[in-house]
>>> print(open('upload-v1.pdb').read())   # PDB, C-alpha atoms
ATOM      1  CA  MET K   1       0.000   0.000   0.000  1.00  0.00           C
ATOM      2  CA  ALA K   2       1.718   3.149  -1.212  1.00  0.00           C
ATOM      3  CA  ASN K   3       1.620   6.400   0.687  1.00  0.00           C
ATOM      4  CA  PRO K   4       2.813   8.965  -1.884  1.00  0.00           C
ATOM      5  CA  ASN K   5       4.853  11.942  -0.756  1.00  0.00           C
ATOM      6  CA  ILE K   6       2.446  14.847  -1.259  1.00  0.00           C
ATOM      7  CA  VAL K   7       5.167  17.498  -1.133  1.00  0.00           C
ATOM      8  CA  ASN K   8       6.402  16.728  -4.661  1.00  0.00           C
ATOM      9  CA  VAL K   9       3.149  15.908  -6.466  1.00  0.00           C
ATOM     10  CA  SER K  10       2.907  15.737 -10.235  1.00  0.00           C
ATOM     11  CA  THR K  11      -0.895  15.917 -10.569  1.00  0.00           C
ATOM     12  CA  ILE K  12      -3.945  16.882  -8.522  1.00  0.00           C
ATOM     13  CA  TYR K  13      -7.358  16.105 -10.007  1.00  0.00           C
ATOM     14  CA  GLY K  14     -10.624  17.310  -8.461  1.00  0.00           C
ATOM     15  CA  ASN K  15     -13.437  14.765  -8.285  1.00  0.00           C
ATOM     16  CA  THR K  16     -17.066  14.709  -7.157  1.00  0.00           C
ATOM     17  CA  ALA K  17     -19.366  11.707  -6.888  1.00  0.00           C
ATOM     18  CA  THR K  18     -23.000  11.299  -5.928  1.00  0.00           C
ATOM     19  CA  LEU K  19     -24.736   8.243  -4.532  1.00  0.00           C
ATOM     20  CA  ALA K  20     -28.313   7.226  -3.808  1.00  0.00           C
ATOM     21  CA  VAL K  21     -27.702   5.565  -0.443  1.00  0.00           C
ATOM     22  CA  SER K  22     -29.388   2.167  -0.006  1.00  0.00           C
ATOM     23  CA  SER K  23     -29.564  -0.718   2.434  1.00  0.00           C
ATOM     24  CA  THR K  24     -26.650  -2.328   0.578  1.00  0.00           C
ATOM     25  CA  THR K  25     -23.319  -0.975   1.824  1.00  0.00           C
ATOM     26  CA  THR K  26     -21.857   0.867  -1.179  1.00  0.00           C
ATOM     27  CA  ASN K  27     -18.669   2.817  -1.860  1.00  0.00           C
ATOM     28  CA  VAL K  28     -19.150   6.532  -2.414  1.00  0.00           C
ATOM     29  CA  VAL K  29     -15.400   6.844  -3.097  1.00  0.00           C
ATOM     30  CA  ALA K  30     -12.715   4.170  -3.389  1.00  0.00           C
ATOM     31  CA  ASN K  31      -8.957   4.410  -3.873  1.00  0.00           C
ATOM     32  CA  PRO K  32      -7.979   1.109  -5.535  1.00  0.00           C
ATOM     33  CA  SER K  33      -4.933  -0.878  -4.487  1.00  0.00           C
ATOM     34  CA  SER K  34      -1.820  -0.104  -6.560  1.00  0.00           C
ATOM     35  CA  SER K  35      -3.321   3.207  -7.770  1.00  0.00           C
ATOM     36  CA  GLY K  36      -0.209   5.166  -6.828  1.00  0.00           C
ATOM     37  CA  ASN K  37      -2.549   7.904  -5.558  1.00  0.00           C
ATOM     38  CA  ILE K  38      -3.698   9.363  -2.282  1.00  0.00           C
ATOM     39  CA  TYR K  39      -7.176  10.913  -2.061  1.00  0.00           C
ATOM     40  CA  LYS K  40      -7.838  13.955   0.090  1.00  0.00           C
ATOM     41  CA  ILE K  41     -11.518  13.875   1.027  1.00  0.00           C
ATOM     42  CA  ASN K  42     -12.802  17.444   1.273  1.00  0.00           C
ATOM     43  CA  LEU K  43     -16.567  16.955   1.555  1.00  0.00           C
ATOM     44  CA  LEU K  44     -19.093  14.267   2.418  1.00  0.00           C
ATOM     45  CA  THR K  45     -22.663  15.500   2.769  1.00  0.00           C
ATOM     46  CA  ILE K  46     -25.771  13.348   3.077  1.00  0.00           C
ATOM     47  CA  SER K  47     -29.279  14.685   2.447  1.00  0.00           C
ATOM     48  CA  ASN K  48     -32.546  13.116   3.575  1.00  0.00           C
ATOM     49  CA  TYR K  49     -35.183  13.873   0.947  1.00  0.00           C
ATOM     50  CA  ALA K  50     -37.812  11.549   2.477  1.00  0.00           C
ATOM     51  CA  THR K  51     -40.842  12.638   4.501  1.00  0.00           C
ATOM     52  CA  ASN K  52     -39.581  10.927   7.689  1.00  0.00           C
ATOM     53  CA  SER K  53     -36.373  10.934   9.716  1.00  0.00           C
ATOM     54  CA  TYR K  54     -34.059   7.978   9.063  1.00  0.00           C
ATOM     55  CA  ALA K  55     -30.591   6.822  10.101  1.00  0.00           C
ATOM     56  CA  VAL K  56     -27.491   6.487   7.961  1.00  0.00           C
ATOM     57  CA  THR K  57     -24.060   4.918   8.535  1.00  0.00           C
ATOM     58  CA  ALA K  58     -20.725   5.953   6.995  1.00  0.00           C
ATOM     59  CA  GLU K  59     -17.684   3.689   7.355  1.00  0.00           C
ATOM     60  CA  LEU K  60     -14.011   3.851   6.474  1.00  0.00           C
ATOM     61  CA  ASN K  61     -12.990   0.568   4.862  1.00  0.00           C
ATOM     62  CA  VAL K  62      -9.253  -0.117   5.011  1.00  0.00           C
ATOM     63  CA  ALA K  63      -8.237  -3.340   3.244  1.00  0.00           C
ATOM     64  CA  GLY K  64     -11.585  -4.957   4.111  1.00  0.00           C
ATOM     65  CA  ALA K  65     -11.786  -3.796   7.756  1.00  0.00           C
ATOM     66  CA  ASN K  66     -14.529  -1.264   8.555  1.00  0.00           C
ATOM     67  CA  THR K  67     -14.367   1.565  11.091  1.00  0.00           C
ATOM     68  CA  ASN K  68     -17.390   3.778  11.713  1.00  0.00           C
ATOM     69  CA  ILE K  69     -17.209   7.435  10.772  1.00  0.00           C
ATOM     70  CA  VAL K  70     -20.848   7.842  11.894  1.00  0.00           C
ATOM     71  CA  LYS K  71     -23.158   4.983  12.867  1.00  0.00           C
ATOM     72  CA  ASN K  72     -26.938   5.055  12.666  1.00  0.00           C
ATOM     73  CA  ILE K  73     -27.060   8.839  12.871  1.00  0.00           C
ATOM     74  CA  VAL K  74     -30.589  10.141  12.339  1.00  0.00           C
ATOM     75  CA  ILE K  75     -31.050  12.867   9.742  1.00  0.00           C
ATOM     76  CA  PRO K  76     -34.401  14.674   9.935  1.00  0.00           C
ATOM     77  CA  SER K  77     -36.679  14.871   6.909  1.00  0.00           C
ATOM     78  CA  ASN K  78     -35.614  17.420   4.271  1.00  0.00           C
ATOM     79  CA  SER K  79     -32.286  18.023   6.053  1.00  0.00           C
ATOM     80  CA  SER K  80     -28.601  17.483   5.337  1.00  0.00           C
ATOM     81  CA  LEU K  81     -25.634  16.420   7.432  1.00  0.00           C
ATOM     82  CA  SER K  82     -22.046  17.392   6.663  1.00  0.00           C
ATOM     83  CA  ILE K  83     -19.937  14.426   7.808  1.00  0.00           C
ATOM     84  CA  ILE K  84     -16.612  15.536   6.317  1.00  0.00           C
ATOM     85  CA  GLY K  85     -15.784  19.160   5.597  1.00  0.00           C
ATOM     86  CA  LYS K  86     -12.954  21.644   5.409  1.00  0.00           C
ATOM     87  CA  ASP K  87     -12.189  21.311   9.133  1.00  0.00           C
ATOM     88  CA  THR K  88     -12.493  17.518   9.156  1.00  0.00           C
ATOM     89  CA  SER K  89     -10.898  16.409   5.875  1.00  0.00           C
ATOM     90  CA  MET K  90      -9.152  13.051   5.673  1.00  0.00           C
ATOM     91  CA  TYR K  91      -6.832  11.079   3.396  1.00  0.00           C
ATOM     92  CA  LEU K  92      -7.580   7.732   1.757  1.00  0.00           C
ATOM     93  CA  LEU K  93      -4.524   5.599   1.032  1.00  0.00           C
ATOM     94  CA  GLU K  94      -4.601   2.797  -1.529  1.00  0.00           C
ATOM     95  CA  ASN K  95      -7.096  -0.025  -0.928  1.00  0.00           C
ATOM     96  CA  THR K  96      -9.301   2.284   1.160  1.00  0.00           C
ATOM     97  CA  SER K  97     -12.882   3.467   0.640  1.00  0.00           C
ATOM     98  CA  ILE K  98     -15.750   5.313   2.274  1.00  0.00           C
ATOM     99  CA  GLN K  99     -18.944   3.264   2.353  1.00  0.00           C
ATOM    100  CA  LEU K 100     -22.513   4.324   3.091  1.00  0.00           C
ATOM    101  CA  SER K 101     -25.654   2.440   4.065  1.00  0.00           C
ATOM    102  CA  THR K 102     -29.116   2.970   5.531  1.00  0.00           C
ATOM    103  CA  SER K 103     -32.032   0.787   6.565  1.00  0.00           C
ATOM    104  CA  GLN K 104     -34.390   2.925   4.446  1.00  0.00           C
ATOM    105  CA  ASN K 105     -34.020   2.870   0.665  1.00  0.00           C
ATOM    106  CA  SER K 106     -35.068   5.964  -1.319  1.00  0.00           C
ATOM    107  CA  ALA K 107     -34.340   8.425   1.498  1.00  0.00           C
ATOM    108  CA  PHE K 108     -30.770   9.682   1.118  1.00  0.00           C
ATOM    109  CA  HIS K 109     -28.457  11.189  -1.468  1.00  0.00           C
ATOM    110  CA  ALA K 110     -24.739  11.673  -0.775  1.00  0.00           C
ATOM    111  CA  ILE K 111     -22.199  14.000  -2.341  1.00  0.00           C
ATOM    112  CA  CYS K 112     -18.471  13.378  -1.915  1.00  0.00           C
ATOM    113  CA  SER K 113     -15.705  15.639  -3.206  1.00  0.00           C
ATOM    114  CA  TRP K 114     -11.997  14.790  -3.188  1.00  0.00           C
ATOM    115  CA  GLU K 115      -8.599  15.517  -4.675  1.00  0.00           C
ATOM    116  CA  GLN K 116      -6.762  12.667  -6.377  1.00  0.00           C
ATOM    117  CA  ILE K 117      -3.056  13.312  -5.718  1.00  0.00           C
ATOM    118  CA  SER K 118      -0.136  11.567  -7.406  1.00  0.00           C
TER     119      SER K 118
END
>>> encode(input="upload-v1.pdb", output="structure tokens")
Amino acid sequence: MANPNIVNVSTIYGNTATLAVSSTTTNVVANPSSSGNIYKINLLTISNYATNSYAVTAELNVAGANTNIVKNIVIPSNSSLSIIGKDTSMYLLENTSIQLSTSQNSAFHAICSWEQIS
């Protein structure tokens, strides 16, 4: 698992992904093994567009082992939660991902923004 030196980078690409969060744990962003990159996660926001409050879970998956970022946190109807932001950014090394899940399908949308550094 490479951990590139980010002082002497050759490229930085900005990326944004969206995800309809479901009951199946799904990657919103994944840094594949042997990518030669490090990802700086700048934003992870989840919005509840349903008419009821529901819970969502975000996990950091490192080489198949999950650690909770937030677990079963309830987001009120028609509200958003900023899980990762400017003050709470994080890096994803190779073979690492951020995964989202909920017990209620058709309730949440997620937006994740990151810099791909190599």
>>> resolve_selection(input="upload-v1.pdb", expression="the PyMOL selection byres ((chain K and resi 35) around 12)", output="list in words")
Met1, Ala2, Asn3, Pro4, Ala30, Asn31, Pro32, Ser33, Ser34, Gly36, Asn37, Ile38, Tyr39, Leu92, Leu93, Glu94, Asn95, Thr96, Gln116, Ile117 and Ser118 of chain K
>>> write_last_selection(input="upload-v1.pdb", atoms="C-alpha atoms", output="PDB file, keeping the file's coordinate frame")
ATOM      1  CA  MET K   1       0.000   0.000   0.000  1.00  0.00           C
ATOM      2  CA  ALA K   2       1.718   3.149  -1.212  1.00  0.00           C
ATOM      3  CA  ASN K   3       1.620   6.400   0.687  1.00  0.00           C
ATOM      4  CA  PRO K   4       2.813   8.965  -1.884  1.00  0.00           C
ATOM      5  CA  ALA K  30     -12.715   4.170  -3.389  1.00  0.00           C
ATOM      6  CA  ASN K  31      -8.957   4.410  -3.873  1.00  0.00           C
ATOM      7  CA  PRO K  32      -7.979   1.109  -5.535  1.00  0.00           C
ATOM      8  CA  SER K  33      -4.933  -0.878  -4.487  1.00  0.00           C
ATOM      9  CA  SER K  34      -1.820  -0.104  -6.560  1.00  0.00           C
ATOM     10  CA  GLY K  36      -0.209   5.166  -6.828  1.00  0.00           C
ATOM     11  CA  ASN K  37      -2.549   7.904  -5.558  1.00  0.00           C
ATOM     12  CA  ILE K  38      -3.698   9.363  -2.282  1.00  0.00           C
ATOM     13  CA  TYR K  39      -7.176  10.913  -2.061  1.00  0.00           C
ATOM     14  CA  LEU K  92      -7.580   7.732   1.757  1.00  0.00           C
ATOM     15  CA  LEU K  93      -4.524   5.599   1.032  1.00  0.00           C
ATOM     16  CA  GLU K  94      -4.601   2.797  -1.529  1.00  0.00           C
ATOM     17  CA  ASN K  95      -7.096  -0.025  -0.928  1.00  0.00           C
ATOM     18  CA  THR K  96      -9.301   2.284   1.160  1.00  0.00           C
ATOM     19  CA  GLN K 116      -6.762  12.667  -6.377  1.00  0.00           C
ATOM     20  CA  ILE K 117      -3.056  13.312  -5.718  1.00  0.00           C
ATOM     21  CA  SER K 118      -0.136  11.567  -7.406  1.00  0.00           C
TER      22      SER K 118
END
>>> residues_around(input="upload-v1.pdb", residues="Asn27 in chain K", least_positions_apart="5", cutoff="10 Å", atoms="all atoms listed in the file", output="PDB file with C-alpha atoms, keeping the file's coordinate frame")
ATOM      1  CA  LEU K  19     -24.736   8.243  -4.532  1.00  0.00           C
ATOM      2  CA  VAL K  21     -27.702   5.565  -0.443  1.00  0.00           C
ATOM      3  CA  ALA K  58     -20.725   5.953   6.995  1.00  0.00           C
ATOM      4  CA  GLU K  59     -17.684   3.689   7.355  1.00  0.00           C
ATOM      5  CA  LEU K  60     -14.011   3.851   6.474  1.00  0.00           C
ATOM      6  CA  ASN K  61     -12.990   0.568   4.862  1.00  0.00           C
ATOM      7  CA  THR K  96      -9.301   2.284   1.160  1.00  0.00           C
ATOM      8  CA  SER K  97     -12.882   3.467   0.640  1.00  0.00           C
ATOM      9  CA  ILE K  98     -15.750   5.313   2.274  1.00  0.00           C
ATOM     10  CA  GLN K  99     -18.944   3.264   2.353  1.00  0.00           C
ATOM     11  CA  LEU K 100     -22.513   4.324   3.091  1.00  0.00           C
ATOM     12  CA  SER K 101     -25.654   2.440   4.065  1.00  0.00           C
TER      13      SER K 101
END
>>> closest_residue(input="upload-v1.pdb", among="K:Ile75, K:Ile46, K:Val9, K:Ile69", to="Met90 in chain K", atoms="all atoms listed in the file")
K:Ile69
>>> atom_distance(input="upload-v1.pdb", atom1="CA of Asn42 in chain K", atom2="CA of Thr18 in chain K")
13.9 Å
>>> atom_distance(input="upload-v1.pdb", atom1="CA of Ala110 in chain K", atom2="CA of Ile6 in chain K")
27.4 Å
>>> residues_near_point(input="upload-v1.pdb", point="(-25.1, 19.4, 6.6)", cutoff="8 Å", atoms="all atoms listed in the file", output="PyMOL selection string")
chain K and resi 45-47+79-83
>>> atom_distance(input="upload-v1.pdb", atom1="CA of Ile84 in chain K", atom2="CA of Lys40 in chain K")
10.9 Å
>>> resolve_selection(input="upload-v1.pdb", expression="the PyMOL selection byres ((chain K and resi 105) around 7)", output="PDB file with C-alpha atoms, keeping the file's coordinate frame")
ATOM      1  CA  VAL K  21     -27.702   5.565  -0.443  1.00  0.00           C
ATOM      2  CA  SER K  22     -29.388   2.167  -0.006  1.00  0.00           C
ATOM      3  CA  SER K  23     -29.564  -0.718   2.434  1.00  0.00           C
ATOM      4  CA  THR K 102     -29.116   2.970   5.531  1.00  0.00           C
ATOM      5  CA  SER K 103     -32.032   0.787   6.565  1.00  0.00           C
ATOM      6  CA  GLN K 104     -34.390   2.925   4.446  1.00  0.00           C
ATOM      7  CA  SER K 106     -35.068   5.964  -1.319  1.00  0.00           C
ATOM      8  CA  ALA K 107     -34.340   8.425   1.498  1.00  0.00           C
TER       9      ALA K 107
END
>>> closest_residue(input="upload-v1.pdb", among="K:Phe108, K:Asn78, K:Val7, K:Thr24", to="Val56 in chain K", atoms="only C-alpha atoms")
K:Phe108
>>> residues_around(input="upload-v1.pdb", residues="Trp114 in chain K", least_positions_apart="6", cutoff="9 Å", atoms="all atoms listed in the file", output="PyMOL selection string")
chain K and resi 13-17+29+39-43
>>> axis_aligned_box(input="upload-v1.pdb", around="range 92-102 of chain K", padding_each_side="6 Å", output="lines of an AutoDock Vina configuration file")
center_x = -16.8
center_y = 3.9
center_z = 2.0
size_x = 36.6
size_y = 19.8
size_z = 19.1
>>> closest_residue(input="upload-v1.pdb", among="K:Tyr91, K:Lys86, K:Tyr49, K:Pro76", to="Val62 in chain K", atoms="all atoms listed in the file")
K:Tyr91
>>> closest_residue(input="upload-v1.pdb", among="K:Ile111, K:Ala20, K:Val28, K:Ala55", to="Gly85 in chain K", atoms="only C-alpha atoms")
K:Ile111
